[in-house]
Amino acid sequence: MDHFQLRDGELYAEDVPLARIAEEIGTPVYVYSRATLERHARVFREALSELDNPHIAFALKSNPNLAVIKVLQRQGFGADVVSGGEMKRALAAGVEAQDIIFSGVGKTHREMAEALDAGIGQFNIESEEEGHELALIAERKGLSAPAALRVNPDVDARTHAKISTGKAENKFGVPINRAEEIFADLSQRPGMNLRGLAVHIGSQLSSLDPFEKAFARVGALVETLRSQGHAITHVDLGGGLGVPYKAGEVLPSPAEYGAMVARATKGWDVRLMFEPGRVITGNAGVLLTRVIRVKRGGNGPPFVIVDAAMNDLARPALYDAWHDIDAVRPSGGRMTANVVGPICETGDTFARDRDIDALVAGDLAVFRTAGAYGATMASSYNSRGFVAEVMVDGDKFAVVADRIAPEEITAAERVPDWLE
């Protein structure tokens, strides 16, 4: 459930008409619902109620807006970060350092040093080489880095190839068939407190079977490592639970996921850690846009040209991703159209031959389920500037990320003297 609903023929975000936001802030603009974020956080936490003291860290990569992080921090969530910049955002939003997990295959020397100085709760080590470097940095600082070894279980999550992270050919984690030797090596190094394992097999999973298969392999590895004398106290099960992008689509619920986790991890005797992202933020946001014009097609449907573009919402161009498209003030009519943006790329296409609400120039529309991997992936391609972000709370709203105009971006550039 989300809080973007029609009232008297007009689409609202909670108690705010989206047309009002468009009038005051302009378009395109991302709109987030605080109530939806809080509801999704509560539902996910309740789904894990059978577990003993689980640690839930919101995956900032899905939406690193400070206001979004703050809402979730107040719901008791920590933060899963994949860069030094994300770590600083989490801290700025009030997340305690001990509640931060640092994942990612490319942690730099500087990022690891800064994370150690900040006192973060856990590093998820993605390679033997990373582990060696982290241990050395920590030893030189007189510290012991709390860490888990991320394993690649070679499980096909059956999602888009570009968001798969748990197959043998993916860059993430260490091969599970080498995990024992790597764990033994790293656990003996000064500066390293290797206390557990981590796994994350991909994003937007539509079935629980790949999760269960991966968790079974991790559970067997926990037993093996303990039999070899290693203390395993923490296991990070990652995130990846999918959300419905199409109206009427049914995916596993957080409650079903939680029941599966409780069953699959029974007897592990560890503190389980989770990194939900899309499942929390996806349906908590929409991208609000205005129709520039409707252009007659050649032999096919007309082109509905909107002022949002692939630089604002990259997922359709990157993954052929689907976002439902709805009029803010639907007339009741329907049309088949190609919905496109203004960028000089054929890939700047949001929908092809799509049955949508009838739209004409000047109409407002939304791309739904845009709260995850939306604004965070935006760029200034075609010198279009960066999209604004708004959060709604009941009958009020606030800009939580300013629109950055092309002129501001240009002002940060320089022409060297020798070109004058």
# chains A, B, ... in the order shown; residues from 1 in each chain; ligands from 1

call {"tool": "select_by_dssp", "arguments": {"residues": "region 83-320 of chain A", "states": "helix (DSSP H, G or I)", "output": "PyMOL selection string"}}
result
chain A and resi 84-92+97-99+109-118+128-140+161-163+176-187+209-227+254-264+278-284+315-319

call {"tool": "atom_distance", "arguments": {"atom1": "CA of Tyr381 (chain A)", "atom2": "CA of Gly106 (chain A)"}}
result
25.3 Å

call {"tool": "select_by_dssp", "arguments": {"residues": "region 189-354 of chain A", "states": "strand (DSSP E or B)", "output": "count of residues only"}}
result
48

call {"tool": "residues_around", "arguments": {"residues": "region 336-351 of chain A", "least_positions_apart": "6", "cutoff": "8 Å", "atoms": "only C-alpha atoms", "output": "ChimeraX atom specification"}}
result
/A:301-310,316-317,322-323,382

call {"tool": "write_last_selection", "arguments": {"atoms": "all heavy atoms", "output": "CSV table (one decimal), in the first residue's frame"}}
result
chain,number,residue,atom,x,y,z
A,301,PRO,N,1.9,4.4,-32.7
A,301,PRO,CA,1.2,5.3,-31.8
A,301,PRO,C,1.8,6.7,-31.7
A,301,PRO,O,3.0,6.9,-32.1
A,301,PRO,CB,1.4,4.6,-30.4
A,301,PRO,CG,1.8,3.2,-30.8
A,301,PRO,CD,2.5,3.3,-32.1
A,302,PRO,N,1.1,7.7,-31.2
A,302,PRO,CA,1.7,9.0,-31.0
A,302,PRO,C,2.7,9.0,-29.9
A,302,PRO,O,2.8,8.1,-29.1
A,302,PRO,CB,0.5,9.9,-30.6
A,302,PRO,CG,-0.5,8.9,-30.0
A,302,PRO,CD,-0.3,7.6,-30.7
A,303,PHE,N,3.6,10.0,-29.9
A,303,PHE,CA,4.6,10.2,-28.9
A,303,PHE,C,4.1,11.2,-27.9
A,303,PHE,O,3.8,12.4,-28.3
A,303,PHE,CB,5.9,10.7,-29.5
A,303,PHE,CG,6.6,9.7,-30.4
A,303,PHE,CD1,6.4,9.7,-31.7
A,303,PHE,CD2,7.4,8.7,-29.8
A,303,PHE,CE1,7.0,8.8,-32.6
A,303,PHE,CE2,8.1,7.8,-30.6
A,303,PHE,CZ,7.9,7.8,-32.0
A,304,VAL,N,3.9,10.8,-26.7
A,304,VAL,CA,3.6,11.7,-25.6
A,304,VAL,C,5.0,12.2,-25.0
A,304,VAL,O,5.7,11.4,-24.4
A,304,VAL,CB,2.8,11.1,-24.5
A,304,VAL,CG1,2.6,12.0,-23.3
A,304,VAL,CG2,1.4,10.7,-25.0
A,305,ILE,N,5.3,13.4,-25.3
A,305,ILE,CA,6.6,14.0,-24.9
A,305,ILE,C,6.5,14.7,-23.5
A,305,ILE,O,5.7,15.7,-23.4
A,305,ILE,CB,7.2,14.9,-25.9
A,305,ILE,CG1,7.3,14.2,-27.3
A,305,ILE,CG2,8.6,15.4,-25.5
A,305,ILE,CD1,7.6,15.1,-28.5
A,306,VAL,N,7.2,14.2,-22.5
A,306,VAL,CA,7.1,14.8,-21.2
A,306,VAL,C,8.3,15.6,-20.8
A,306,VAL,O,9.4,15.4,-21.4
A,306,VAL,CB,6.7,13.7,-20.1
A,306,VAL,CG1,5.4,13.1,-20.4
A,306,VAL,CG2,7.8,12.7,-20.1
A,307,ASP,N,8.3,16.4,-19.7
A,307,ASP,CA,9.5,17.1,-19.4
A,307,ASP,C,10.4,16.4,-18.5
A,307,ASP,O,11.5,16.9,-18.2
A,307,ASP,CB,9.1,18.5,-18.8
A,307,ASP,CG,8.3,18.4,-17.5
A,307,ASP,OD1,8.1,17.3,-17.0
A,307,ASP,OD2,7.9,19.5,-16.9
A,308,ALA,N,10.1,15.2,-18.0
A,308,ALA,CA,11.0,14.3,-17.4
A,308,ALA,C,11.8,13.6,-18.5
A,308,ALA,O,11.3,13.3,-19.6
A,308,ALA,CB,10.3,13.3,-16.4
A,309,ALA,N,13.0,13.1,-18.1
A,309,ALA,CA,13.8,12.4,-19.1
A,309,ALA,C,14.7,11.4,-18.5
A,309,ALA,O,14.7,11.2,-17.3
A,309,ALA,CB,14.7,13.5,-19.9
A,310,MET,N,15.4,10.7,-19.3
A,310,MET,CA,16.3,9.6,-18.8
A,310,MET,C,17.3,10.1,-17.8
A,310,MET,O,17.9,9.3,-17.0
A,310,MET,CB,16.9,8.8,-20.0
A,310,MET,CG,17.9,9.7,-20.8
A,310,MET,SD,18.6,8.8,-22.2
A,310,MET,CE,19.8,7.8,-21.4
A,316,PRO,N,14.3,2.9,-17.0
A,316,PRO,CA,13.8,2.4,-18.2
A,316,PRO,C,14.9,2.3,-19.3
A,316,PRO,O,15.0,1.3,-20.1
A,316,PRO,CB,12.7,3.4,-18.6
A,316,PRO,CG,12.2,3.9,-17.3
A,316,PRO,CD,13.5,4.1,-16.5
A,317,ALA,N,15.8,3.3,-19.4
A,317,ALA,CA,16.9,3.3,-20.4
A,317,ALA,C,17.9,2.2,-20.0
A,317,ALA,O,18.4,1.6,-20.9
A,317,ALA,CB,17.5,4.7,-20.5
A,322,TRP,N,9.9,-1.1,-16.1
A,322,TRP,CA,8.5,-0.7,-16.2
A,322,TRP,C,8.2,0.2,-15.1
A,322,TRP,O,8.5,-0.1,-13.9
A,322,TRP,CB,7.6,-1.9,-16.2
A,322,TRP,CG,6.1,-1.6,-16.3
A,322,TRP,CD1,5.3,-1.0,-15.3
A,322,TRP,CD2,5.2,-1.8,-17.4
A,322,TRP,NE1,4.1,-0.9,-15.7
A,322,TRP,CE2,4.0,-1.4,-17.0
A,322,TRP,CE3,5.4,-2.3,-18.7
A,322,TRP,CZ2,2.9,-1.4,-17.8
A,322,TRP,CZ3,4.3,-2.4,-19.5
A,322,TRP,CH2,3.1,-2.0,-19.1
A,323,HIS,N,7.5,1.4,-15.4
A,323,HIS,CA,6.9,2.2,-14.3
A,323,HIS,C,5.5,2.5,-14.8
A,323,HIS,O,5.3,2.9,-16.0
A,323,HIS,CB,7.7,3.5,-14.2
A,323,HIS,CG,9.0,3.4,-13.5
A,323,HIS,ND1,9.1,3.5,-12.1
A,323,HIS,CD2,10.2,3.1,-13.9
A,323,HIS,CE1,10.4,3.3,-11.8
A,323,HIS,NE2,11.1,3.1,-12.9
A,382,ASN,N,22.7,16.3,-21.4
A,382,ASN,CA,22.1,17.4,-22.2
A,382,ASN,C,22.0,18.7,-21.5
A,382,ASN,O,21.1,19.6,-21.9
A,382,ASN,CB,20.7,17.0,-22.7
A,382,ASN,CG,20.7,16.0,-23.9
A,382,ASN,OD1,19.7,15.8,-24.6
A,382,ASN,ND2,21.9,15.5,-24.3

call {"tool": "residues_around", "arguments": {"residues": "Arg315 (chain A)", "least_positions_apart": "4", "cutoff": "8 Å", "atoms": "only C-alpha atoms", "output": "list in words"}}
result
Met310, Tyr319, Asp320, Ala321, Tyr373 and Gly374 of chain A

call {"tool": "write_last_selection", "arguments": {"atoms": "N, CA and C atoms", "output": "short mmCIF file (atom, residue, chain, number, x, y, z; two decimals), in the first residue's frame"}}
result
data_model
loop_
_atom_site.label_atom_id
_atom_site.label_comp_id
_atom_site.auth_asym_id
_atom_site.auth_seq_id
_atom_site.Cartn_x
_atom_site.Cartn_y
_atom_site.Cartn_z
N MET A 310 15.44 10.67 -19.31
CA MET A 310 16.27 9.59 -18.80
C MET A 310 17.33 10.09 -17.83
N TYR A 319 17.52 -0.60 -17.93
CA TYR A 319 17.05 -1.97 -17.73
C TYR A 319 15.77 -2.30 -18.48
N ASP A 320 15.28 -1.39 -19.32
CA ASP A 320 13.94 -1.55 -19.90
C ASP A 320 12.91 -1.72 -18.79
N ALA A 321 13.14 -1.00 -17.69
CA ALA A 321 12.28 -1.15 -16.52
C ALA A 321 10.90 -0.54 -16.77
N TYR A 373 16.05 4.13 -6.66
CA TYR A 373 16.89 4.19 -7.87
C TYR A 373 16.31 5.18 -8.88
N GLY A 374 15.86 6.32 -8.35
CA GLY A 374 15.33 7.37 -9.19
C GLY A 374 16.25 8.57 -9.16
#

call {"tool": "closest_atom_pairs", "arguments": {"of": "region 19-73 of chain A", "to": "region 273-277 of chain A", "cutoff": "8 Å", "atoms": "only C-alpha atoms", "output": "Markdown table"}}
result
| residue | atom | partner | partner_atom | distance |
| --- | --- | --- | --- | --- |
| A:Pro54 | CA | A:Met273 | CA | 5.7 |
| A:His55 | CA | A:Met273 | CA | 4.6 |
| A:Ile56 | CA | A:Phe274 | CA | 4.9 |
| A:Ala57 | CA | A:Glu275 | CA | 4.9 |
| A:Phe58 | CA | A:Pro276 | CA | 5.4 |
| A:Ala59 | CA | A:Gly277 | CA | 4.6 |
| A:Leu60 | CA | A:Gly277 | CA | 6.9 |
| A:Lys61 | CA | A:Gly277 | CA | 7.5 |
| A:Ser62 | CA | A:Gly277 | CA | 5.4 |
| A:Asn63 | CA | A:Gly277 | CA | 7.7 |

call {"tool": "write_last_selection", "arguments": {"atoms": "N, CA, C and O atoms", "output": "mmCIF file, in the first residue's frame"}}
result
data_model
loop_
_atom_site.group_PDB
_atom_site.id
_atom_site.type_symbol
_atom_site.label_atom_id
_atom_site.label_comp_id
_atom_site.auth_asym_id
_atom_site.auth_seq_id
_atom_site.Cartn_x
_atom_site.Cartn_y
_atom_site.Cartn_z
ATOM 1 N N PRO A 54 17.060 -8.686 15.343
ATOM 2 C CA PRO A 54 17.688 -8.480 14.032
ATOM 3 C C PRO A 54 18.163 -7.037 13.863
ATOM 4 O O PRO A 54 17.581 -6.114 14.438
ATOM 5 N N HIS A 55 19.211 -6.866 13.080
ATOM 6 C CA HIS A 55 19.705 -5.525 12.758
ATOM 7 C C HIS A 55 19.244 -5.188 11.344
ATOM 8 O O HIS A 55 19.542 -5.922 10.397
ATOM 9 N N ILE A 56 18.510 -4.081 11.201
ATOM 10 C CA ILE A 56 17.984 -3.676 9.896
ATOM 11 C C ILE A 56 18.688 -2.397 9.470
ATOM 12 O O ILE A 56 18.601 -1.370 10.154
ATOM 13 N N ALA A 57 19.385 -2.472 8.352
ATOM 14 C CA ALA A 57 20.142 -1.330 7.836
ATOM 15 C C ALA A 57 19.590 -0.953 6.469
ATOM 16 O O ALA A 57 19.691 -1.733 5.518
ATOM 17 N N PHE A 58 19.021 0.223 6.363
ATOM 18 C CA PHE A 58 18.466 0.687 5.098
ATOM 19 C C PHE A 58 19.575 0.845 4.065
ATOM 20 O O PHE A 58 20.608 1.473 4.333
ATOM 21 N N ALA A 59 19.366 0.282 2.873
ATOM 22 C CA ALA A 59 20.351 0.376 1.794
ATOM 23 C C ALA A 59 20.264 1.748 1.149
ATOM 24 O O ALA A 59 19.377 2.014 0.331
ATOM 25 N N LEU A 60 21.206 2.630 1.491
ATOM 26 C CA LEU A 60 21.157 4.011 1.007
ATOM 27 C C LEU A 60 21.216 4.120 -0.504
ATOM 28 O O LEU A 60 20.733 5.101 -1.070
ATOM 29 N N LYS A 61 21.809 3.128 -1.168
ATOM 30 C CA LYS A 61 21.916 3.246 -2.627
ATOM 31 C C LYS A 61 20.546 3.367 -3.284
ATOM 32 O O LYS A 61 20.434 3.918 -4.377
ATOM 33 N N SER A 62 19.503 2.891 -2.636
ATOM 34 C CA SER A 62 18.174 2.982 -3.234
ATOM 35 C C SER A 62 17.629 4.407 -3.188
ATOM 36 O O SER A 62 16.914 4.830 -4.101
ATOM 37 N N ASN A 63 17.945 5.145 -2.142
ATOM 38 C CA ASN A 63 17.509 6.537 -2.028
ATOM 39 C C ASN A 63 18.284 7.202 -0.884
ATOM 40 O O ASN A 63 17.924 7.054 0.287
#

call {"tool": "residues_around", "arguments": {"residues": "Ala358 (chain A)", "least_positions_apart": "5", "cutoff": "8 Å", "atoms": "only C-alpha atoms", "output": "PDB file with all heavy atoms, in the first residue's frame"}}
result
ATOM      1  N   ALA A 327      -2.265   9.663 -15.178  1.00  0.00           N
ATOM      2  CA  ALA A 327      -2.574  11.089 -15.214  1.00  0.00           C
ATOM      3  C   ALA A 327      -2.896  11.569 -13.804  1.00  0.00           C
ATOM      4  O   ALA A 327      -3.474  10.839 -12.993  1.00  0.00           O
ATOM      5  CB  ALA A 327      -3.752  11.353 -16.136  1.00  0.00           C
ATOM      6  N   PRO A 330      -7.109  12.333 -14.332  1.00  0.00           N
ATOM      7  CA  PRO A 330      -7.566  11.496 -15.452  1.00  0.00           C
ATOM      8  C   PRO A 330      -8.944  11.922 -15.946  1.00  0.00           C
ATOM      9  O   PRO A 330      -9.850  12.203 -15.154  1.00  0.00           O
ATOM     10  CB  PRO A 330      -7.595  10.088 -14.853  1.00  0.00           C
ATOM     11  CG  PRO A 330      -7.677  10.290 -13.374  1.00  0.00           C
ATOM     12  CD  PRO A 330      -6.940  11.558 -13.083  1.00  0.00           C
ATOM     13  N   SER A 331      -9.087  11.956 -17.274  1.00  0.00           N
ATOM     14  CA  SER A 331     -10.357  12.352 -17.890  1.00  0.00           C
ATOM     15  C   SER A 331     -11.316  11.186 -18.038  1.00  0.00           C
ATOM     16  O   SER A 331     -12.497  11.368 -18.320  1.00  0.00           O
ATOM     17  CB  SER A 331     -10.086  12.949 -19.273  1.00  0.00           C
ATOM     18  OG  SER A 331      -9.540  11.953 -20.138  1.00  0.00           O
ATOM     19  N   GLY A 332     -10.788   9.973 -17.875  1.00  0.00           N
ATOM     20  CA  GLY A 332     -11.582   8.775 -18.120  1.00  0.00           C
ATOM     21  C   GLY A 332     -11.289   8.170 -19.470  1.00  0.00           C
ATOM     22  O   GLY A 332     -11.611   7.009 -19.719  1.00  0.00           O
ATOM     23  N   GLY A 333     -10.663   8.932 -20.351  1.00  0.00           N
ATOM     24  CA  GLY A 333     -10.284   8.412 -21.666  1.00  0.00           C
ATOM     25  C   GLY A 333      -8.977   7.646 -21.601  1.00  0.00           C
ATOM     26  O   GLY A 333      -8.199   7.776 -20.649  1.00  0.00           O
ATOM     27  N   ARG A 334      -8.739   6.832 -22.638  1.00  0.00           N
ATOM     28  CA  ARG A 334      -7.504   6.048 -22.728  1.00  0.00           C
ATOM     29  C   ARG A 334      -6.862   6.298 -24.082  1.00  0.00           C
ATOM     30  O   ARG A 334      -7.519   6.731 -25.042  1.00  0.00           O
ATOM     31  CB  ARG A 334      -7.781   4.545 -22.571  1.00  0.00           C
ATOM     32  CG  ARG A 334      -8.545   4.137 -21.332  1.00  0.00           C
ATOM     33  CD  ARG A 334      -7.732   4.302 -20.075  1.00  0.00           C
ATOM     34  NE  ARG A 334      -6.582   3.423 -20.028  1.00  0.00           N
ATOM     35  CZ  ARG A 334      -5.703   3.397 -19.017  1.00  0.00           C
ATOM     36  NH1 ARG A 334      -5.860   4.225 -17.985  1.00  0.00           N
ATOM     37  NH2 ARG A 334      -4.672   2.564 -19.033  1.00  0.00           N
ATOM     38  N   MET A 335      -5.556   6.014 -24.158  1.00  0.00           N
ATOM     39  CA  MET A 335      -4.852   6.111 -25.420  1.00  0.00           C
ATOM     40  C   MET A 335      -3.693   5.122 -25.422  1.00  0.00           C
ATOM     41  O   MET A 335      -3.220   4.696 -24.359  1.00  0.00           O
ATOM     42  CB  MET A 335      -4.311   7.538 -25.639  1.00  0.00           C
ATOM     43  CG  MET A 335      -3.191   7.940 -24.700  1.00  0.00           C
ATOM     44  SD  MET A 335      -2.696   9.709 -24.833  1.00  0.00           S
ATOM     45  CE  MET A 335      -2.158   9.817 -26.523  1.00  0.00           C
TER      46      MET A 335
END

call {"tool": "residues_around", "arguments": {"residues": "Gly84 (chain A)", "least_positions_apart": "3", "cutoff": "9 Å", "atoms": "only C-alpha atoms", "output": "list in words"}}
result
Val81, Met87, Lys88, Arg89, Phe102, Lys107, Thr108, Arg110, Glu111, Met112, Glu114 and Ala115 of chain A

call {"tool": "write_last_selection", "arguments": {"atoms": "C-alpha atoms", "output": "CSV table (one decimal), in the first residue's frame"}}
result
chain,number,residue,atom,x,y,z
A,81,VAL,CA,26.4,2.1,2.6
A,87,MET,CA,28.5,6.9,5.0
A,88,LYS,CA,28.8,10.6,5.6
A,89,ARG,CA,25.2,11.0,4.5
A,102,PHE,CA,29.9,-0.7,4.8
A,107,LYS,CA,36.3,0.5,-0.9
A,108,THR,CA,39.3,2.8,-1.2
A,110,ARG,CA,40.8,6.5,2.4
A,111,GLU,CA,37.2,5.3,2.7
A,112,MET,CA,38.2,2.4,4.9
A,114,GLU,CA,37.5,7.2,7.5
A,115,ALA,CA,35.1,4.4,8.3

call {"tool": "atom_distance", "arguments": {"atom1": "CA of Ala13 (chain A)", "atom2": "CA of Ile356 (chain A)"}}
result
20.1 Å

call {"tool": "closest_residue", "arguments": {"among": "A:Leu205, A:Ala148, A:Ile69, A:Ala259", "to": "His234 (chain A)", "atoms": "only C-alpha atoms"}}
result
A:Ala148

call {"tool": "atom_distance", "arguments": {"atom1": "CA of Val174 (chain A)", "atom2": "CA of Arg217 (chain A)"}}
result
13.5 Å

call {"tool": "closest_atom_pairs", "arguments": {"of": "region 248-292 of chain A", "to": "region 238-241 of chain A", "cutoff": "12 Å", "atoms": "only C-alpha atoms", "output": "Markdown table"}}
result
| residue | atom | partner | partner_atom | distance |
| --- | --- | --- | --- | --- |
| A:Leu251 | CA | A:Leu241 | CA | 8.7 |
| A:Pro252 | CA | A:Leu241 | CA | 7.8 |
| A:Ser253 | CA | A:Leu241 | CA | 8.4 |
| A:Pro254 | CA | A:Leu241 | CA | 7.8 |
| A:Ala255 | CA | A:Leu241 | CA | 11.3 |
| A:Glu256 | CA | A:Leu241 | CA | 10.6 |
| A:Tyr257 | CA | A:Leu241 | CA | 8.0 |
| A:Gly258 | CA | A:Leu241 | CA | 10.8 |
| A:Val261 | CA | A:Gly238 | CA | 11.6 |
| A:Leu272 | CA | A:Gly238 | CA | 9.7 |
| A:Met273 | CA | A:Gly238 | CA | 7.2 |
| A:Phe274 | CA | A:Gly238 | CA | 5.0 |
| A:Glu275 | CA | A:Gly239 | CA | 4.6 |
| A:Pro276 | CA | A:Gly239 | CA | 4.6 |
| A:Gly277 | CA | A:Gly239 | CA | 6.8 |
| A:Arg278 | CA | A:Gly240 | CA | 7.5 |
| A:Val279 | CA | A:Leu241 | CA | 6.1 |
| A:Ile280 | CA | A:Leu241 | CA | 9.6 |
| A:Thr281 | CA | A:Leu241 | CA | 11.8 |
| A:Gly282 | CA | A:Leu241 | CA | 11.0 |

call {"tool": "residues_around", "arguments": {"residues": "His200 (chain A)", "least_positions_apart": "3", "cutoff": "9 Å", "atoms": "only C-alpha atoms", "output": "number ranges by chain"}}
result
A: 150-153, 165-166, 172-173, 203, 211, 214, 236-240, 275

call {"tool": "write_last_selection", "arguments": {"atoms": "all heavy atoms", "output": "compact mmCIF listing (two decimals), in the first residue's frame"}}
result
# COMPACT_ATOMS: atom_id res chain seq x y z
N ARG A 150 31.85 -11.44 2.85
CA ARG A 150 30.75 -11.62 1.91
C ARG A 150 31.08 -12.75 0.95
O ARG A 150 32.10 -12.72 0.26
CB ARG A 150 30.46 -10.35 1.12
CG ARG A 150 29.33 -10.53 0.11
CD ARG A 150 28.94 -9.23 -0.54
NE ARG A 150 27.94 -9.43 -1.59
CZ ARG A 150 27.37 -8.46 -2.28
NH1 ARG A 150 27.68 -7.20 -2.04
NH2 ARG A 150 26.47 -8.74 -3.22
N VAL A 151 30.20 -13.73 0.90
CA VAL A 151 30.40 -14.87 0.01
C VAL A 151 29.47 -14.77 -1.18
O VAL A 151 28.35 -14.25 -1.09
CB VAL A 151 30.19 -16.21 0.75
CG1 VAL A 151 31.20 -16.38 1.87
CG2 VAL A 151 28.77 -16.34 1.28
N ASN A 152 29.94 -15.26 -2.30
CA ASN A 152 29.13 -15.35 -3.51
C ASN A 152 28.66 -16.80 -3.63
O ASN A 152 29.47 -17.70 -3.89
CB ASN A 152 29.96 -14.96 -4.73
CG ASN A 152 29.15 -14.90 -6.01
OD1 ASN A 152 28.31 -15.76 -6.25
ND2 ASN A 152 29.41 -13.92 -6.84
N PRO A 153 27.36 -17.05 -3.39
CA PRO A 153 26.89 -18.44 -3.31
C PRO A 153 26.64 -19.10 -4.66
O PRO A 153 26.26 -20.26 -4.72
CB PRO A 153 25.59 -18.31 -2.53
CG PRO A 153 25.06 -16.97 -2.94
CD PRO A 153 26.28 -16.09 -3.11
N THR A 165 23.69 -10.17 -8.39
CA THR A 165 24.95 -10.04 -7.64
C THR A 165 25.42 -11.35 -7.02
O THR A 165 26.46 -11.36 -6.36
CB THR A 165 24.79 -9.00 -6.51
OG1 THR A 165 23.79 -9.45 -5.58
CG2 THR A 165 24.40 -7.64 -7.05
N GLY A 166 24.68 -12.44 -7.20
CA GLY A 166 25.02 -13.67 -6.49
C GLY A 166 25.45 -14.82 -7.37
O GLY A 166 25.56 -15.96 -6.89
N PHE A 172 30.74 -9.52 -7.06
CA PHE A 172 30.53 -9.32 -5.63
C PHE A 172 30.92 -10.54 -4.80
O PHE A 172 30.63 -11.69 -5.17
CB PHE A 172 29.06 -8.97 -5.36
CG PHE A 172 28.63 -7.72 -6.05
CD1 PHE A 172 28.02 -7.77 -7.29
CD2 PHE A 172 28.86 -6.48 -5.48
CE1 PHE A 172 27.62 -6.61 -7.94
CE2 PHE A 172 28.46 -5.31 -6.13
CZ PHE A 172 27.84 -5.38 -7.36
N GLY A 173 31.53 -10.31 -3.64
CA GLY A 173 31.84 -11.38 -2.71
C GLY A 173 32.95 -12.30 -3.17
O GLY A 173 33.50 -12.17 -4.26
N SER A 203 18.77 -7.84 -6.70
CA SER A 203 17.70 -6.90 -6.40
C SER A 203 16.44 -7.25 -7.18
O SER A 203 16.52 -7.85 -8.25
CB SER A 203 18.18 -5.49 -6.76
OG SER A 203 17.22 -4.52 -6.44
N PHE A 211 16.53 -16.98 -2.53
CA PHE A 211 16.96 -16.62 -1.18
C PHE A 211 17.22 -17.88 -0.35
O PHE A 211 18.27 -18.03 0.28
CB PHE A 211 15.87 -15.81 -0.47
CG PHE A 211 15.75 -14.37 -0.87
CD1 PHE A 211 14.54 -13.87 -1.35
CD2 PHE A 211 16.81 -13.49 -0.74
CE1 PHE A 211 14.40 -12.54 -1.69
CE2 PHE A 211 16.68 -12.15 -1.08
CZ PHE A 211 15.47 -11.68 -1.56
N ALA A 214 20.31 -19.77 -1.35
CA ALA A 214 21.53 -19.09 -0.92
C ALA A 214 21.73 -19.21 0.59
O ALA A 214 22.85 -19.45 1.06
CB ALA A 214 21.48 -17.62 -1.34
N ASP A 236 24.92 -11.46 7.76
CA ASP A 236 24.18 -10.43 7.02
C ASP A 236 23.53 -11.09 5.81
O ASP A 236 24.23 -11.59 4.93
CB ASP A 236 25.16 -9.33 6.60
CG ASP A 236 24.47 -8.14 5.95
OD1 ASP A 236 23.36 -8.31 5.42
OD2 ASP A 236 25.07 -7.04 5.94
N LEU A 237 22.19 -11.08 5.76
CA LEU A 237 21.46 -11.74 4.68
C LEU A 237 21.11 -10.78 3.53
O LEU A 237 20.42 -11.17 2.59
CB LEU A 237 20.19 -12.39 5.22
CG LEU A 237 20.41 -13.51 6.24
CD1 LEU A 237 19.08 -14.08 6.70
CD2 LEU A 237 21.28 -14.62 5.66
N GLY A 238 21.60 -9.55 3.60
CA GLY A 238 21.41 -8.61 2.49
C GLY A 238 19.97 -8.16 2.33
O GLY A 238 19.18 -8.16 3.27
N GLY A 239 19.64 -7.75 1.11
CA GLY A 239 18.29 -7.29 0.80
C GLY A 239 17.82 -7.96 -0.48
O GLY A 239 18.12 -9.12 -0.71
N GLY A 240 17.10 -7.23 -1.31
CA GLY A 240 16.73 -7.75 -2.63
C GLY A 240 15.27 -8.07 -2.84
O GLY A 240 14.88 -8.39 -3.97
N GLU A 275 19.46 -5.72 4.82
CA GLU A 275 19.75 -4.48 4.10
C GLU A 275 18.61 -4.15 3.11
O GLU A 275 18.82 -4.10 1.89
CB GLU A 275 21.07 -4.61 3.33
CG GLU A 275 22.26 -4.95 4.20
CD GLU A 275 23.46 -5.41 3.39
OE1 GLU A 275 23.40 -5.34 2.14
OE2 GLU A 275 24.45 -5.86 3.98

call {"tool": "closest_atom_pairs", "arguments": {"of": "region 52-159 of chain A", "to": "region 388-403 of chain A", "cutoff": "10 Å", "atoms": "only C-alpha atoms", "output": "tab-separated table"}}
result
residue	atom	partner	partner_atom	distance
A:Asn65	CA	A:Val400	CA	7.5
A:Leu66	CA	A:Val400	CA	7.7
A:Ala67	CA	A:Val400	CA	6.4
A:Val68	CA	A:Met391	CA	8.3

call {"tool": "closest_residue", "arguments": {"among": "A:Leu37, A:Ile182, A:Ile100, A:Ala47", "to": "Leu72 (chain A)", "atoms": "only C-alpha atoms"}}
result
A:Leu37

call {"tool": "closest_atom_pairs", "arguments": {"of": "region 200-295 of chain A", "to": "region 188-194 of chain A", "cutoff": "10 Å", "atoms": "only C-alpha atoms", "output": "tab-separated table"}}
result
residue	atom	partner	partner_atom	distance
A:His230	CA	A:Leu194	CA	9.1
A:Ala231	CA	A:Leu194	CA	8.6
A:Ile232	CA	A:Leu194	CA	8.3
A:Thr233	CA	A:Leu194	CA	9.5
A:His234	CA	A:Leu194	CA	9.6
